[in-house]
Structures are given as C-alpha cells and as structure tokens.
file data_1.txt (compact mmCIF, C-alpha atoms and all ligand atoms)
# COMPACT_ATOMS: atom_id res chain seq x y z
CA MET A 272 -4.32 36.76 3.81
CA LYS A 273 -7.60 36.16 5.61
CA THR A 274 -7.26 34.70 9.12
CA GLN A 275 -9.89 32.06 9.77
CA ILE A 276 -10.99 31.16 13.31
CA SER A 277 -12.15 27.55 13.23
CA HIS A 278 -12.51 24.34 15.25
CA ASP A 279 -11.43 22.28 12.23
CA ILE A 280 -8.49 20.13 13.33
CA SER A 281 -8.01 18.61 9.86
CA LEU A 282 -7.71 22.05 8.31
CA ALA A 283 -5.16 23.09 10.94
CA ALA A 284 -3.19 19.92 10.21
CA GLU A 285 -3.23 20.69 6.48
CA TRP A 286 -1.97 24.23 6.95
CA LEU A 287 0.82 23.03 9.25
CA ALA A 288 1.81 20.21 6.88
CA SER A 289 2.09 22.74 4.05
CA GLY A 290 4.53 24.86 6.07
CA SER A 291 2.15 27.56 7.34
CA ASN A 292 1.85 28.81 10.91
CA VAL A 293 -1.36 28.16 12.84
CA ALA A 294 -2.27 29.52 16.28
CA ILE A 295 -3.17 26.63 18.58
CA PRO A 296 -4.95 26.53 21.93
CA THR A 297 -3.23 25.04 24.96
CA GLU A 298 -4.26 24.93 28.60
CA THR A 299 -1.81 27.77 29.35
CA VAL A 300 -1.86 30.31 26.51
CA TYR A 301 -2.34 30.16 22.73
CA GLY A 302 0.78 29.17 20.80
CA LEU A 303 2.00 30.17 17.33
CA ALA A 304 2.82 26.78 15.87
CA ALA A 305 5.17 25.48 13.19
CA ASN A 306 6.08 21.99 11.99
CA ILE A 307 9.51 21.45 13.58
CA PHE A 308 10.74 19.84 10.36
CA SER A 309 9.93 22.91 8.22
CA GLU A 310 12.82 25.35 8.57
CA SER A 311 10.89 28.10 6.77
CA ALA A 312 7.83 27.68 9.03
CA VAL A 313 10.05 27.86 12.14
CA ASN A 314 11.86 30.94 10.81
CA GLN A 315 8.52 32.56 10.06
CA VAL A 316 7.52 32.18 13.74
CA TYR A 317 10.51 34.31 14.80
CA GLN A 318 9.68 36.89 12.12
CA LEU A 319 6.00 37.11 13.00
CA LYS A 320 6.81 37.54 16.71
CA LYS A 321 9.79 39.83 16.04
CA ARG A 322 11.59 37.56 18.48
CA PRO A 323 15.41 37.50 18.76
CA SER A 324 16.83 34.34 17.18
CA SER A 325 18.65 33.47 20.42
CA HIS A 326 15.35 32.79 22.22
CA PRO A 327 14.50 29.09 21.77
CA LEU A 328 11.04 27.68 21.08
CA ILE A 329 9.18 25.06 23.12
CA VAL A 330 8.49 21.85 21.20
CA HIS A 331 5.04 20.32 21.76
CA ILE A 332 4.56 16.56 21.52
CA SER A 333 1.56 14.30 22.10
CA ALA A 334 3.22 11.83 24.50
CA MET A 335 6.48 11.06 26.30
CA GLU A 336 7.34 8.34 23.72
CA GLU A 337 7.66 11.05 21.07
CA ALA A 338 10.53 12.59 23.03
CA GLU A 339 12.73 9.64 22.05
CA GLY A 340 14.58 10.78 18.96
CA LEU A 341 14.29 14.46 19.84
CA VAL A 342 16.45 14.31 22.99
CA CYS A 343 19.29 12.26 24.43
CA ASN A 344 20.20 11.46 28.07
CA VAL A 345 16.89 12.00 29.82
CA PRO A 346 17.67 12.30 33.57
CA GLU A 347 15.59 10.11 35.89
CA ALA A 348 14.21 13.24 37.56
CA ALA A 349 12.86 14.41 34.18
CA ARG A 350 11.06 11.08 33.64
CA THR A 351 9.50 11.34 37.09
CA LEU A 352 8.33 14.89 36.42
CA ALA A 353 6.93 13.97 33.00
CA LYS A 354 5.03 11.06 34.55
CA SER A 355 3.59 13.33 37.22
CA PHE A 356 2.66 16.36 35.13
CA TRP A 357 2.24 15.42 31.44
CA PRO A 358 -0.04 16.19 29.74
CA GLY A 359 0.22 19.53 31.51
CA PRO A 360 1.85 22.93 31.91
CA LEU A 361 5.43 21.76 32.48
CA SER A 362 8.26 22.30 29.97
CA LEU A 363 11.39 20.21 30.46
CA ILE A 364 14.75 21.41 29.11
CA LEU A 365 16.71 18.38 27.89
CA PRO A 366 19.83 17.76 25.78
CA LYS A 367 18.68 17.89 22.16
CA SER A 368 19.31 15.38 19.39
CA SER A 369 20.35 16.42 15.87
CA ARG A 370 16.68 16.34 14.78
CA ILE A 371 16.15 19.62 16.65
CA THR A 372 17.61 22.43 14.56
CA HIS A 373 19.63 25.34 15.93
CA THR A 374 16.83 27.64 14.81
CA ILE A 375 14.47 25.94 17.27
CA SER A 376 17.03 25.71 20.06
CA GLY A 377 18.27 29.28 19.63
CA GLY A 378 21.78 27.93 19.11
CA ARG A 379 21.77 25.91 22.37
CA ASP A 380 22.39 22.21 22.76
CA THR A 381 19.12 21.74 24.66
CA VAL A 382 15.44 21.75 23.77
CA ALA A 383 12.34 22.47 25.87
CA LEU A 384 9.61 19.83 25.48
CA ARG A 385 6.06 19.62 26.73
CA VAL A 386 2.84 17.66 26.23
CA PRO A 387 0.05 20.27 26.32
CA ASP A 388 -3.21 19.38 28.06
CA HIS A 389 -5.76 20.55 25.53
CA PRO A 390 -7.97 18.02 23.70
CA LEU A 391 -7.91 19.80 20.31
CA THR A 392 -4.16 20.32 20.26
CA LEU A 393 -3.45 16.78 21.48
CA GLU A 394 -5.64 15.47 18.67
CA LEU A 395 -3.90 17.81 16.21
CA LEU A 396 -0.47 16.53 17.30
CA ARG A 397 -1.60 12.93 16.83
CA ARG A 398 -2.97 13.67 13.37
CA THR A 399 -0.03 15.66 12.01
CA GLY A 400 2.53 13.11 13.17
CA PHE A 401 5.15 15.84 13.62
CA PRO A 402 5.90 17.87 16.75
CA LEU A 403 5.01 21.56 16.85
CA ALA A 404 7.37 24.34 17.85
CA ALA A 405 5.15 26.94 19.47
CA PRO A 406 6.00 30.04 21.46
CA SER A 407 3.16 32.07 22.93
CA ALA A 408 1.18 33.73 20.11
CA ASN A 409 2.08 37.35 20.88
CA PRO A 410 4.65 39.78 19.52
CA TYR A 411 7.88 39.68 21.53
CA GLY A 412 7.47 41.24 24.99
CA CYS A 413 3.67 41.67 24.81
CA ILE A 414 0.92 40.09 26.93
CA SER A 415 0.30 36.44 26.07
CA PRO A 416 -3.05 35.53 24.48
CA THR A 417 -5.53 33.39 26.41
CA GLN A 418 -8.41 33.75 23.92
CA SER A 419 -8.59 33.47 20.13
CA GLU A 420 -9.61 37.14 19.87
CA HIS A 421 -6.33 38.16 21.57
CA VAL A 422 -4.42 36.23 18.89
CA LEU A 423 -6.53 37.78 16.14
CA ARG A 424 -5.73 41.26 17.38
CA TYR A 425 -1.99 40.51 17.15
CA PHE A 426 -1.84 38.47 13.93
CA ASP A 427 -4.96 39.22 11.86
CA GLY A 428 -4.07 38.81 8.19
CA LYS A 429 -0.65 37.36 8.98
CA ILE A 430 -1.53 33.70 9.63
CA PRO A 431 -4.14 31.60 7.80
CA MET A 432 -5.84 30.09 10.85
CA ILE A 433 -6.47 30.15 14.58
CA LEU A 434 -7.65 26.81 15.94
CA GLU A 435 -10.48 27.88 18.26
CA GLY A 436 -10.15 26.08 21.59
CA GLY A 437 -11.98 28.51 23.88
CA PRO A 438 -10.40 30.46 26.75
CA CYS A 439 -7.22 28.87 28.16
CA ARG A 440 -7.87 27.05 31.43
CA SER A 441 -4.63 27.84 33.28
CA GLY A 442 -4.04 31.23 31.71
CA VAL A 443 -0.33 31.59 32.55
CA GLU A 444 2.56 29.91 30.75
CA SER A 445 4.07 26.53 31.60
CA THR A 446 6.58 26.12 34.40
CA ILE A 447 10.05 25.56 32.86
CA ILE A 448 12.48 23.12 34.50
CA GLY A 449 16.02 22.20 33.39
CA PHE A 450 18.52 19.82 34.98
CA VAL A 451 22.01 20.05 36.39
CA GLY A 452 22.92 16.40 36.42
CA ASN A 453 19.81 14.83 37.92
CA ASN A 454 18.86 17.96 39.88
CA PRO A 455 15.88 19.97 38.65
CA VAL A 456 16.27 23.76 38.35
CA VAL A 457 13.26 26.04 37.82
CA TYR A 458 13.88 28.64 35.10
CA ARG A 459 10.36 30.04 34.83
CA LEU A 460 7.56 30.05 37.37
CA GLY A 461 4.37 28.96 35.69
CA ALA A 462 0.99 27.32 35.84
CA ILE A 463 1.99 24.61 38.34
CA PRO A 464 2.53 25.94 41.87
CA LEU A 465 6.10 25.24 43.05
CA GLU A 466 4.72 23.53 46.12
CA ARG A 467 3.04 20.88 43.94
CA ILE A 468 6.26 20.17 42.05
CA GLU A 469 8.22 20.01 45.30
CA ASP A 470 5.81 17.34 46.53
CA VAL A 471 7.34 15.19 43.76
CA THR A 472 10.97 16.41 43.66
CA GLY A 473 11.71 17.70 47.15
CA PRO A 474 13.11 21.25 47.56
CA LEU A 475 13.81 22.92 44.20
CA THR A 476 16.58 25.24 43.06
CA LEU A 477 15.28 28.43 41.45
CA SER A 478 17.10 30.32 38.71
CA ILE A 479 14.59 33.03 38.03
CA SER A 480 16.45 36.13 37.12
CA HIS A 481 15.05 39.56 37.85
CA THR A 482 18.15 41.31 36.60
CA SER A 483 18.95 42.76 33.22
CA GLN A 484 21.17 39.73 32.53
CA PRO A 485 18.68 36.86 32.40
CA MET A 486 19.97 33.33 33.06
CA ALA A 487 17.54 31.82 30.59
CA PRO A 488 16.75 33.54 27.32
CA GLY A 489 13.25 34.93 27.24
CA MET A 490 13.27 35.72 30.93
CA ASP A 491 13.88 39.36 30.13
CA LEU A 492 13.25 41.83 32.87
CA ARG A 493 10.51 43.52 30.84
CA HIS A 494 8.13 40.97 29.40
CA TYR A 495 4.43 40.09 29.38
CA SER A 496 3.83 43.82 29.12
CA PRO A 497 0.81 45.91 28.30
CA GLU A 498 1.43 49.07 26.23
CA THR A 499 0.04 51.03 29.18
CA PRO A 500 2.47 51.67 32.05
CA LEU A 501 1.80 49.41 35.02
CA CYS A 502 2.60 50.02 38.66
CA LEU A 503 2.72 47.11 41.12
CA CYS A 504 1.66 47.99 44.66
CA ASP A 505 0.12 46.53 47.81
CA ASP A 506 -3.04 48.61 47.78
CA PRO A 507 -4.13 50.26 44.51
CA SER A 508 -6.91 52.22 46.24
CA VAL A 509 -4.34 53.94 48.51
CA GLU A 510 -1.80 54.28 45.68
CA SER A 511 -4.38 55.99 43.44
CA ARG A 512 -4.27 59.11 45.66
CA SER A 513 -0.80 59.86 44.28
CA PHE A 514 -2.07 59.96 40.69
CA LYS A 515 -4.93 62.50 40.90
CA ASN A 516 -4.70 63.83 37.34
CA GLN A 517 -4.37 60.53 35.53
CA LYS A 518 -6.99 58.15 34.19
CA LEU A 519 -6.38 54.96 36.17
CA GLY A 520 -7.11 51.28 35.66
CA PHE A 521 -7.16 48.88 38.62
CA LEU A 522 -6.32 45.22 39.06
CA PHE A 523 -7.23 43.82 42.50
CA PHE A 524 -6.53 40.39 43.95
CA GLN A 525 -8.27 41.19 47.24
CA PHE A 526 -11.83 42.38 47.43
CA PRO A 527 -11.56 46.19 47.61
CA GLY A 528 -15.08 46.88 48.94
CA ASP A 529 -18.58 47.14 47.44
CA GLU A 530 -18.03 50.69 46.19
CA TRP A 531 -15.59 49.40 43.54
CA ILE A 532 -17.96 46.88 41.98
CA GLY A 533 -19.19 47.80 38.52
CA LEU A 534 -16.83 50.76 38.13
CA PRO A 535 -15.19 51.04 34.69
CA ASN A 536 -11.58 49.92 34.33
CA VAL A 537 -11.64 47.95 37.57
CA GLU A 538 -10.75 44.25 37.45
CA ILE A 539 -11.28 42.18 40.60
CA LEU A 540 -9.73 38.69 40.65
CA PRO A 541 -10.04 37.43 44.23
CA PHE A 542 -6.96 35.33 44.97
CA LEU A 543 -7.68 33.69 48.28
CA ASP A 544 -9.25 30.24 47.72
CA GLN A 545 -9.59 31.07 44.01
CA GLU A 546 -5.98 31.26 42.85
CA THR A 547 -6.53 29.01 39.81
CA GLU A 548 -9.30 31.29 38.60
CA ALA A 549 -7.25 34.45 39.32
CA ALA A 550 -4.33 33.11 37.23
CA ALA A 551 -6.70 31.99 34.48
CA GLN A 552 -8.16 35.51 34.21
CA LEU A 553 -4.92 37.50 34.67
CA TYR A 554 -4.00 38.13 31.02
CA ALA A 555 -7.60 38.69 29.84
CA ALA A 556 -7.92 41.37 32.55
CA LEU A 557 -4.63 42.97 31.45
CA HIS A 558 -5.71 42.90 27.80
CA ARG A 559 -8.98 44.68 28.75
CA LEU A 560 -7.24 47.31 30.87
CA ASP A 561 -4.66 47.88 28.14
CA ARG A 562 -7.42 48.62 25.61
CA SER A 563 -9.45 50.82 27.94
CA GLY A 564 -7.49 54.00 27.29
CA VAL A 565 -6.25 54.49 30.87
CA ASP A 566 -2.92 56.27 31.46
CA LEU A 567 -1.73 53.89 34.15
CA ILE A 568 -2.66 50.46 35.52
CA LEU A 569 -2.35 50.03 39.30
CA ALA A 570 -1.97 46.31 39.97
CA GLN A 571 -2.09 44.75 43.40
CA ARG A 572 0.68 42.40 44.50
CA CYS A 573 -0.61 38.88 45.22
CA ALA A 574 0.15 36.77 48.26
CA ASN A 575 3.55 35.22 47.48
CA GLN A 576 2.42 31.61 47.59
CA GLY A 577 1.23 29.03 45.08
CA LEU A 578 0.20 30.64 41.81
CA GLY A 579 0.56 34.04 43.50
CA ARG A 580 4.32 33.75 42.91
CA THR A 581 3.73 33.27 39.19
CA ILE A 582 1.26 36.17 39.05
CA ASN A 583 3.73 38.43 40.90
CA ASP A 584 6.55 37.34 38.56
CA ARG A 585 4.51 38.32 35.48
CA LEU A 586 3.29 41.59 36.98
CA SER A 587 6.77 42.63 38.11
CA ARG A 588 8.10 42.08 34.57
CA ALA A 589 5.10 43.96 33.14
CA ALA A 590 5.88 46.84 35.53
CA GLU A 591 9.43 47.36 34.27
CA PRO A 592 9.78 50.75 32.59
CA ALA A 593 10.36 50.28 28.86
CA ALA A 594 13.02 52.99 28.69
CA GLN A 595 15.51 51.05 30.81
CA ASN A 596 15.43 48.10 28.47
CA PRO A 597 16.57 47.42 24.95
CA PRO A 598 13.88 47.85 22.28
CA ARG A 599 11.42 44.95 22.20
CA ALA A 600 12.03 43.92 18.61
O1 LIG B 701 2.85 27.54 28.27
C1 LIG B 701 3.76 27.67 27.46
O2 LIG B 701 4.91 27.29 27.70
C2 LIG B 701 3.43 28.32 26.11
C3 LIG B 701 2.50 27.40 25.34
C4 LIG B 701 2.21 27.89 23.93
O3 LIG B 701 3.03 26.11 25.33
N1 LIG B 701 4.61 28.61 25.39
C5 LIG B 701 5.48 29.59 25.76
O4 LIG B 701 6.54 29.74 24.87
O5 LIG B 701 5.34 30.28 26.73
P1 LIG B 701 7.47 31.03 24.85
O6 LIG B 701 8.35 30.81 23.66
O7 LIG B 701 6.66 32.26 24.86
O8 LIG B 701 8.33 30.89 26.12
C6 LIG B 701 9.24 29.83 26.21
C7 LIG B 701 10.36 30.15 27.12
C8 LIG B 701 11.24 31.25 26.57
O9 LIG B 701 11.56 32.09 27.65
C9 LIG B 701 12.44 30.50 26.06
O10 LIG B 701 13.58 31.27 26.02
C10 LIG B 701 12.51 29.36 27.06
O11 LIG B 701 11.18 29.00 27.22
N2 LIG B 701 13.22 28.21 26.50
C11 LIG B 701 12.81 27.42 25.49
N3 LIG B 701 13.74 26.50 25.21
C12 LIG B 701 14.76 26.70 26.07
C13 LIG B 701 16.03 26.09 26.27
N4 LIG B 701 16.44 25.08 25.51
N5 LIG B 701 16.83 26.58 27.24
C14 LIG B 701 16.42 27.62 28.01
N6 LIG B 701 15.24 28.26 27.85
C15 LIG B 701 14.42 27.80 26.90
MG MG B 702 6.07 34.05 25.48
call {"tool": "encode", "arguments": {"input": "data_1.txt", "output": "structure tokens", "more": "lines below"}}
Ligand code: TXA
Ligand code: MG
result
Amino acid sequence: MKTQISHDISLAAEWLASGSNVAIPTETVYGLAANIFSESAVNQVYQLKKRPSSHPLIVHISAMEEAEGLVCNVPEAARTLAKSFWPGPLSLILPKSSRITHTISGGRDTVALRVPDHPLTLELLRRTGFPLAAPSANPYGCISPTQSEHVLRYFDGKIPMILEGGPCRSGVESTIIGFVGNNPVVYRLGAIPLERIEDVTGPLTLSISHTSQPMAPGMDLRHYSPETPLCLCDDPSVESRSFKNQKLGFLFFQFPGDEWIGLPNVEILPFLDQETEAAAQLYAALHRLDRSGVDLILAQRCANQGLGRTINDRLSRAAEPAAQNPPRA
C-alpha cells in the first residue's frame, strides 16, 4: 500500500468512510483515526499500534452536541470544562452509551471524548458525520508524532493516507480528566497547564501514577520513549562528565551557554517565558536525537510548573529502563 501525504479532506473522509485508517493532525499530536462505527477499522488501529486491547481510545467529535448519544450522565463539572476548553486539548472521561463499543472503551463503561482544535480535522469531522476514534499515531510506547514525517516513518505502507496539517501547535497530548461524582480528577497531565484548569474548577485531584501499577490504562511507567536510553537530570553539561566514552545527545530547557550553540546532537528549548514553544518542540527534538545515533540522551528536568510538569512527566516515563517493564507490544 502506498501512503499518500495530502491536504485533501474529501479524500480522507472517503478513506475513513470505507473503513480505512487515516492519520489526522490535531493541535496536540497526530492521531491514527478510525470511524467509531466500523469495528474492523477500530480493531485495525490496535493492530497497527500493537496496543493492548485494554487501553481505550479517545473519541474525537466536532462539537459538544455530538456527545449526546455517545455518553450518559454528563456531570455539571464536565459541561463547564467543555465550555471552557473545547475545541482544545482536553479529554473528558464520561460514562459511555451503548453506541461506544467495548473495543473502543477497552472493556470499560466509560469513554474519553474531545473536540480537537485543528481546522482540517474539525472540517473532516463535520464532513464525515461520524466521530473518529484516534490514539496518537505511534506504535505502542514510542514517541508521539507531531509532524506528518514522524507518522510516515512509523506507518509508511501500512495506512493509505496522512492528512497533512503541518506541525502540531501544542506538541504534547491532551490533558485527561475523569469524574468522581461531580469532582474532576486528572489522569494525564497534558497540553493545558493545571493552573489554567484550576482557574475554572478550583483545586484538582491528581491520579497520575508513576508506579508499575497505573491507575489509568496507558499511563504505563515506560511510555513516550525513544529507542535510545534517556537520562533525566538537572544539568546535562555536568552529568556528561560521567559518560566520557559514550556518544551523547543533549536536551536543554535552560540556556547552557554560547559554546553549546550549533553543536551536533544538542537541542535547546528555553523554557522560561517560552513554555508553550518548548512543549511544542519537545517530541520533534526527541525524534531528532533518537535518529542521531547517540548512545545516550541527557535531558534536563524542567521547572515543575505550568507545562513544565507535563514535560517532566513525559521525560520521566521516557527515562524508565525498558528491562524493568513488560515488553512494549
Ligand atoms: O492529544 C491527544 O489526546 C491525542 C490526540 C490524537 O487526540 N490522543 C492520544 O491518545 O494521546 P492515546 O490513545 O495515545 O492516549 C489516550 C489515553 C490512553 O492513556 C488511554 O488509556 C486513556 O487516554 N483513556 C482513553 N479512554 C479512557 C477511559 N475511558 N478511561 C481511562 N483512560 C482512558
Ligand atoms: Mg499515545
């Protein structure tokens, strides 16, 4: 199968209507989409990603009104959050209706919904008339794609089309919130800083597991990982002295000094005052370092505030040694 990269929304809609999978751009990361009403297309998403069947998929809709029919009992807090952040990088876990299959929900009685904030994908959702189940378009455990070329590298020849939407603006996945009664609980840190959500909800409960027994499926300890080992530290330039005989890659969030500029395998994403840009570039920088042939990536810990918490969450999962975890597929 030849994989076409194209801006053609009608073509993408045709492929999806015929039960094929198409990679779609969102403001967070590219997704691997399936018509939620095609069981074979949804199954194929799990197979392509080599994702365990217990890990549910996020369902993408074009507007809040489309949620009616897919969910029941929407808590007031969920409506408030949807009003504040949709379209946008917020996924809400709600009790599912019978229209959401167990394949999509990973056997749970809930479904995660979101309205993505990307003009092409919003238009695609309006044209198809069916919601799209779409996990990030990467094999299970690997770094998420923020550009069409990242998707192509993972799935060339395996899907008919990537809808070209340019580099993803936010660059990290959506924030995931579920509800205990009317109380919001954060299951995954994401593209909206917690502080901004708390402005709407008041203080939030976090259930973000960093243990080997994740509370939410898909929040595995090792995730978002390059093939290359990654070490998270406060100062990569100091840390590098301990690895004299290895070829090193560097990821800085603070300016390390003029002498580092222009060196190969050095990525500098200044965090202070530019945290949106740092998050947007995070995965592209990791993809580049992973392909550069270095033995080890030394990544600097971010300030633990705003999107820095999300960046640190992703990097700490990427830093988990593979050997201590079950095989990825
Ligand atoms: O930004 C995003 O959310 C991207 C774009 C494509 O929308 N999607 C994404 O999907 O990151 P995925 O499948 O890579 O991650 C979704 C996470 C998984 O950890 C999954 O287990 C969790 O959401 N999830 C989905 N439905 C859930 C549910 N009903 N209960 C608990 N966790 C759920
Ligand atoms: Mg993912």
call {"tool": "axis_aligned_box", "arguments": {"input": "data_1.txt", "around": "ligand LIG 701 (chain B)", "padding_each_side": "3 Å", "output": "JSON"}}
result
{"center_x": 9.5, "center_y": 28.7, "center_z": 26.0, "size_x": 20.6, "size_y": 13.2, "size_z": 10.6}
call {"tool": "atom_distance", "arguments": {"input": "data_1.txt", "atom1": "CA of Pro500 in chain A", "atom2": "CA of Phe514 in chain A"}}
result
12.8 Å
call {"tool": "residues_near_ligand", "arguments": {"input": "data_1.txt", "ligand": "ligand MG 702 (chain B)", "cutoff": "10 Å", "atoms": "only C-alpha atoms and all ligand atoms", "output": "JSON list (two decimals) with C-alpha atoms, keeping the file's coordinate frame"}}
result
[["chain", "number", "residue", "atom", "x", "y", "z"],
["A", 300, "VAL", "CA", -1.86, 30.31, 26.51],
["A", 301, "TYR", "CA", -2.34, 30.16, 22.73],
["A", 302, "GLY", "CA", 0.78, 29.17, 20.80],
["A", 303, "LEU", "CA", 2.00, 30.17, 17.33],
["A", 320, "LYS", "CA", 6.81, 37.54, 16.71],
["A", 322, "ARG", "CA", 11.59, 37.56, 18.48],
["A", 326, "HIS", "CA", 15.35, 32.79, 22.22],
["A", 328, "LEU", "CA", 11.04, 27.68, 21.08],
["A", 329, "ILE", "CA", 9.18, 25.06, 23.12],
["A", 405, "ALA", "CA", 5.15, 26.94, 19.47],
["A", 406, "PRO", "CA", 6.00, 30.04, 21.46],
["A", 407, "SER", "CA", 3.16, 32.07, 22.93],
["A", 408, "ALA", "CA", 1.18, 33.73, 20.11],
["A", 409, "ASN", "CA", 2.08, 37.35, 20.88],
["A", 410, "PRO", "CA", 4.65, 39.78, 19.52],
["A", 411, "TYR", "CA", 7.88, 39.68, 21.53],
["A", 412, "GLY", "CA", 7.47, 41.24, 24.99],
["A", 413, "CYS", "CA", 3.67, 41.67, 24.81],
["A", 414, "ILE", "CA", 0.92, 40.09, 26.93],
["A", 415, "SER", "CA", 0.30, 36.44, 26.07],
["A", 416, "PRO", "CA", -3.05, 35.53, 24.48],
["A", 443, "VAL", "CA", -0.33, 31.59, 32.55],
["A", 444, "GLU", "CA", 2.56, 29.91, 30.75],
["A", 445, "SER", "CA", 4.07, 26.53, 31.60],
["A", 489, "GLY", "CA", 13.25, 34.93, 27.24],
["A", 490, "MET", "CA", 13.27, 35.72, 30.93],
["A", 494, "HIS", "CA", 8.13, 40.97, 29.40],
["A", 495, "TYR", "CA", 4.43, 40.09, 29.38]]
call {"tool": "atom_distance", "arguments": {"input": "data_1.txt", "atom1": "CA of Thr274 in chain A", "atom2": "CA of Val382 in chain A"}}
result
30.0 Å
call {"tool": "residues_around", "arguments": {"input": "data_1.txt", "residues": "Ala338 in chain A", "least_positions_apart": "4", "cutoff": "12 Å", "atoms": "only C-alpha atoms", "output": "VMD selection string"}}
result
chain A and resid 330 to 334 342 to 345 349 to 350 353 363 to 368 370 to 371 382 to 386 401 to 402
call {"tool": "atom_distance", "arguments": {"input": "data_1.txt", "atom1": "CA of Val471 in chain A", "atom2": "CA of Leu352 in chain A"}}
result
7.4 Å
call {"tool": "residues_around", "arguments": {"input": "data_1.txt", "residues": "Pro541 in chain A", "least_positions_apart": "2", "cutoff": "7 Å", "atoms": "only C-alpha atoms", "output": "JSON, numbers by chain"}}
result
{"A": [524, 525, 526, 539, 543, 545, 549]}
call {"tool": "closest_residue", "arguments": {"input": "data_1.txt", "among": "A:Glu530, A:Glu285, A:Glu310, A:Asp388", "to": "ligand LIG 701 (chain B)", "atoms": "only C-alpha atoms and all ligand atoms"}}
result
A:Asp388
call {"tool": "residues_around", "arguments": {"input": "data_1.txt", "residues": "Leu501 in chain A", "least_positions_apart": "4", "cutoff": "7 Å", "atoms": "all atoms listed in the file", "output": "count of residues only"}}
result
6
call {"tool": "closest_residue", "arguments": {"input": "data_1.txt", "among": "A:Pro327, A:Pro390, A:Gly577, A:Gly400", "to": "Gly377 in chain A", "atoms": "only C-alpha atoms"}}
result
A:Pro327
call {"tool": "closest_residue", "arguments": {"input": "data_1.txt", "among": "A:Gly436, A:Gly533, A:Gly428, A:Gly449", "to": "ligand LIG 701 (chain B)", "atoms": "only C-alpha atoms and all ligand atoms"}}
result
A:Gly449
call {"tool": "closest_residue", "arguments": {"input": "data_1.txt", "among": "A:Gly520, A:Pro360, A:Pro431, A:Gly452", "to": "ligand LIG 701 (chain B)", "atoms": "only C-alpha atoms and all ligand atoms"}}
result
A:Pro360
call {"tool": "closest_residue", "arguments": {"input": "data_1.txt", "among": "A:Ala283, A:Leu475, A:Met272, A:Leu492", "to": "ligand LIG 701 (chain B)", "atoms": "all atoms listed in the file"}}
result
A:Leu492
call {"tool": "closest_residue", "arguments": {"input": "data_1.txt", "among": "A:His421, A:Arg572, A:Lys354, A:Arg588", "to": "Ala294 in chain A", "atoms": "all atoms listed in the file"}}
result
A:His421
call {"tool": "residues_around", "arguments": {"input": "data_1.txt", "residues": "Leu560 in chain A", "least_positions_apart": "2", "cutoff": "9 Å", "atoms": "all atoms listed in the file", "output": "list of chain:residue names"}}
result
A:Pro497, A:Thr499, A:Gly520, A:Phe521, A:Leu522, A:Asn536, A:Val537, A:Glu538, A:Ala555, A:Ala556, A:Leu557, A:His558, A:Arg562, A:Ser563, A:Gly564, A:Val565, A:Ile568
call {"tool": "residues_around", "arguments": {"input": "data_1.txt", "residues": "range 393-395 of chain A", "least_positions_apart": "5", "cutoff": "7 Å", "atoms": "all atoms listed in the file", "output": "number ranges by chain"}}
result
A: 280, 284, 333, 387
call {"tool": "decode", "arguments": {"input": "data_1.txt", "residues": "range 411-416 of chain A", "atoms": "all heavy atoms", "output": "PDB file, in the first residue's frame"}}
result
ATOM      1  N   TYR A 411       2.859   1.445  20.040  1.00  0.00           N
ATOM      2  CA  TYR A 411       2.682   1.462  21.492  1.00  0.00           C
ATOM      3  C   TYR A 411       4.012   1.733  22.203  1.00  0.00           C
ATOM      4  O   TYR A 411       5.020   1.075  21.940  1.00  0.00           O
ATOM      5  CB  TYR A 411       2.113   0.110  21.934  1.00  0.00           C
ATOM      6  CG  TYR A 411       1.865  -0.004  23.408  1.00  0.00           C
ATOM      7  CD1 TYR A 411       0.995   0.867  24.048  1.00  0.00           C
ATOM      8  CD2 TYR A 411       2.515  -0.974  24.172  1.00  0.00           C
ATOM      9  CE1 TYR A 411       0.769   0.767  25.407  1.00  0.00           C
ATOM     10  CE2 TYR A 411       2.281  -1.085  25.529  1.00  0.00           C
ATOM     11  CZ  TYR A 411       1.417  -0.214  26.143  1.00  0.00           C
ATOM     12  OH  TYR A 411       1.193  -0.304  27.484  1.00  0.00           O
ATOM     13  N   GLY A 412       4.005   2.749  23.079  1.00  0.00           N
ATOM     14  CA  GLY A 412       5.187   3.035  23.898  1.00  0.00           C
ATOM     15  C   GLY A 412       6.152   4.027  23.278  1.00  0.00           C
ATOM     16  O   GLY A 412       7.018   4.561  23.959  1.00  0.00           O
ATOM     17  N   CYS A 413       6.050   4.262  21.963  1.00  0.00           N
ATOM     18  CA  CYS A 413       7.039   5.119  21.283  1.00  0.00           C
ATOM     19  C   CYS A 413       6.681   6.607  21.381  1.00  0.00           C
ATOM     20  O   CYS A 413       5.602   6.965  21.840  1.00  0.00           O
ATOM     21  CB  CYS A 413       7.145   4.730  19.816  1.00  0.00           C
ATOM     22  SG  CYS A 413       7.732   3.046  19.582  1.00  0.00           S
ATOM     23  N   ILE A 414       7.599   7.455  20.916  1.00  0.00           N
ATOM     24  CA  ILE A 414       7.375   8.910  20.957  1.00  0.00           C
ATOM     25  C   ILE A 414       6.214   9.274  20.035  1.00  0.00           C
ATOM     26  O   ILE A 414       6.135   8.810  18.898  1.00  0.00           O
ATOM     27  CB  ILE A 414       8.615   9.681  20.449  1.00  0.00           C
ATOM     28  CG1 ILE A 414       9.900   9.171  21.097  1.00  0.00           C
ATOM     29  CG2 ILE A 414       8.463  11.187  20.691  1.00  0.00           C
ATOM     30  CD1 ILE A 414      11.155   9.720  20.427  1.00  0.00           C
ATOM     31  N   SER A 415       5.328  10.135  20.499  1.00  0.00           N
ATOM     32  CA  SER A 415       4.200  10.566  19.682  1.00  0.00           C
ATOM     33  C   SER A 415       4.681  11.435  18.516  1.00  0.00           C
ATOM     34  O   SER A 415       5.691  12.121  18.620  1.00  0.00           O
ATOM     35  CB  SER A 415       3.221  11.380  20.533  1.00  0.00           C
ATOM     36  OG  SER A 415       2.653  10.573  21.525  1.00  0.00           O
ATOM     37  N   PRO A 416       3.928  11.402  17.408  1.00  0.00           N
ATOM     38  CA  PRO A 416       4.304  12.187  16.228  1.00  0.00           C
ATOM     39  C   PRO A 416       3.699  13.578  16.250  1.00  0.00           C
ATOM     40  O   PRO A 416       2.509  13.745  16.494  1.00  0.00           O
ATOM     41  CB  PRO A 416       3.699  11.376  15.077  1.00  0.00           C
ATOM     42  CG  PRO A 416       2.509  10.702  15.683  1.00  0.00           C
ATOM     43  CD  PRO A 416       2.753  10.549  17.163  1.00  0.00           C
TER      44      PRO A 416
END
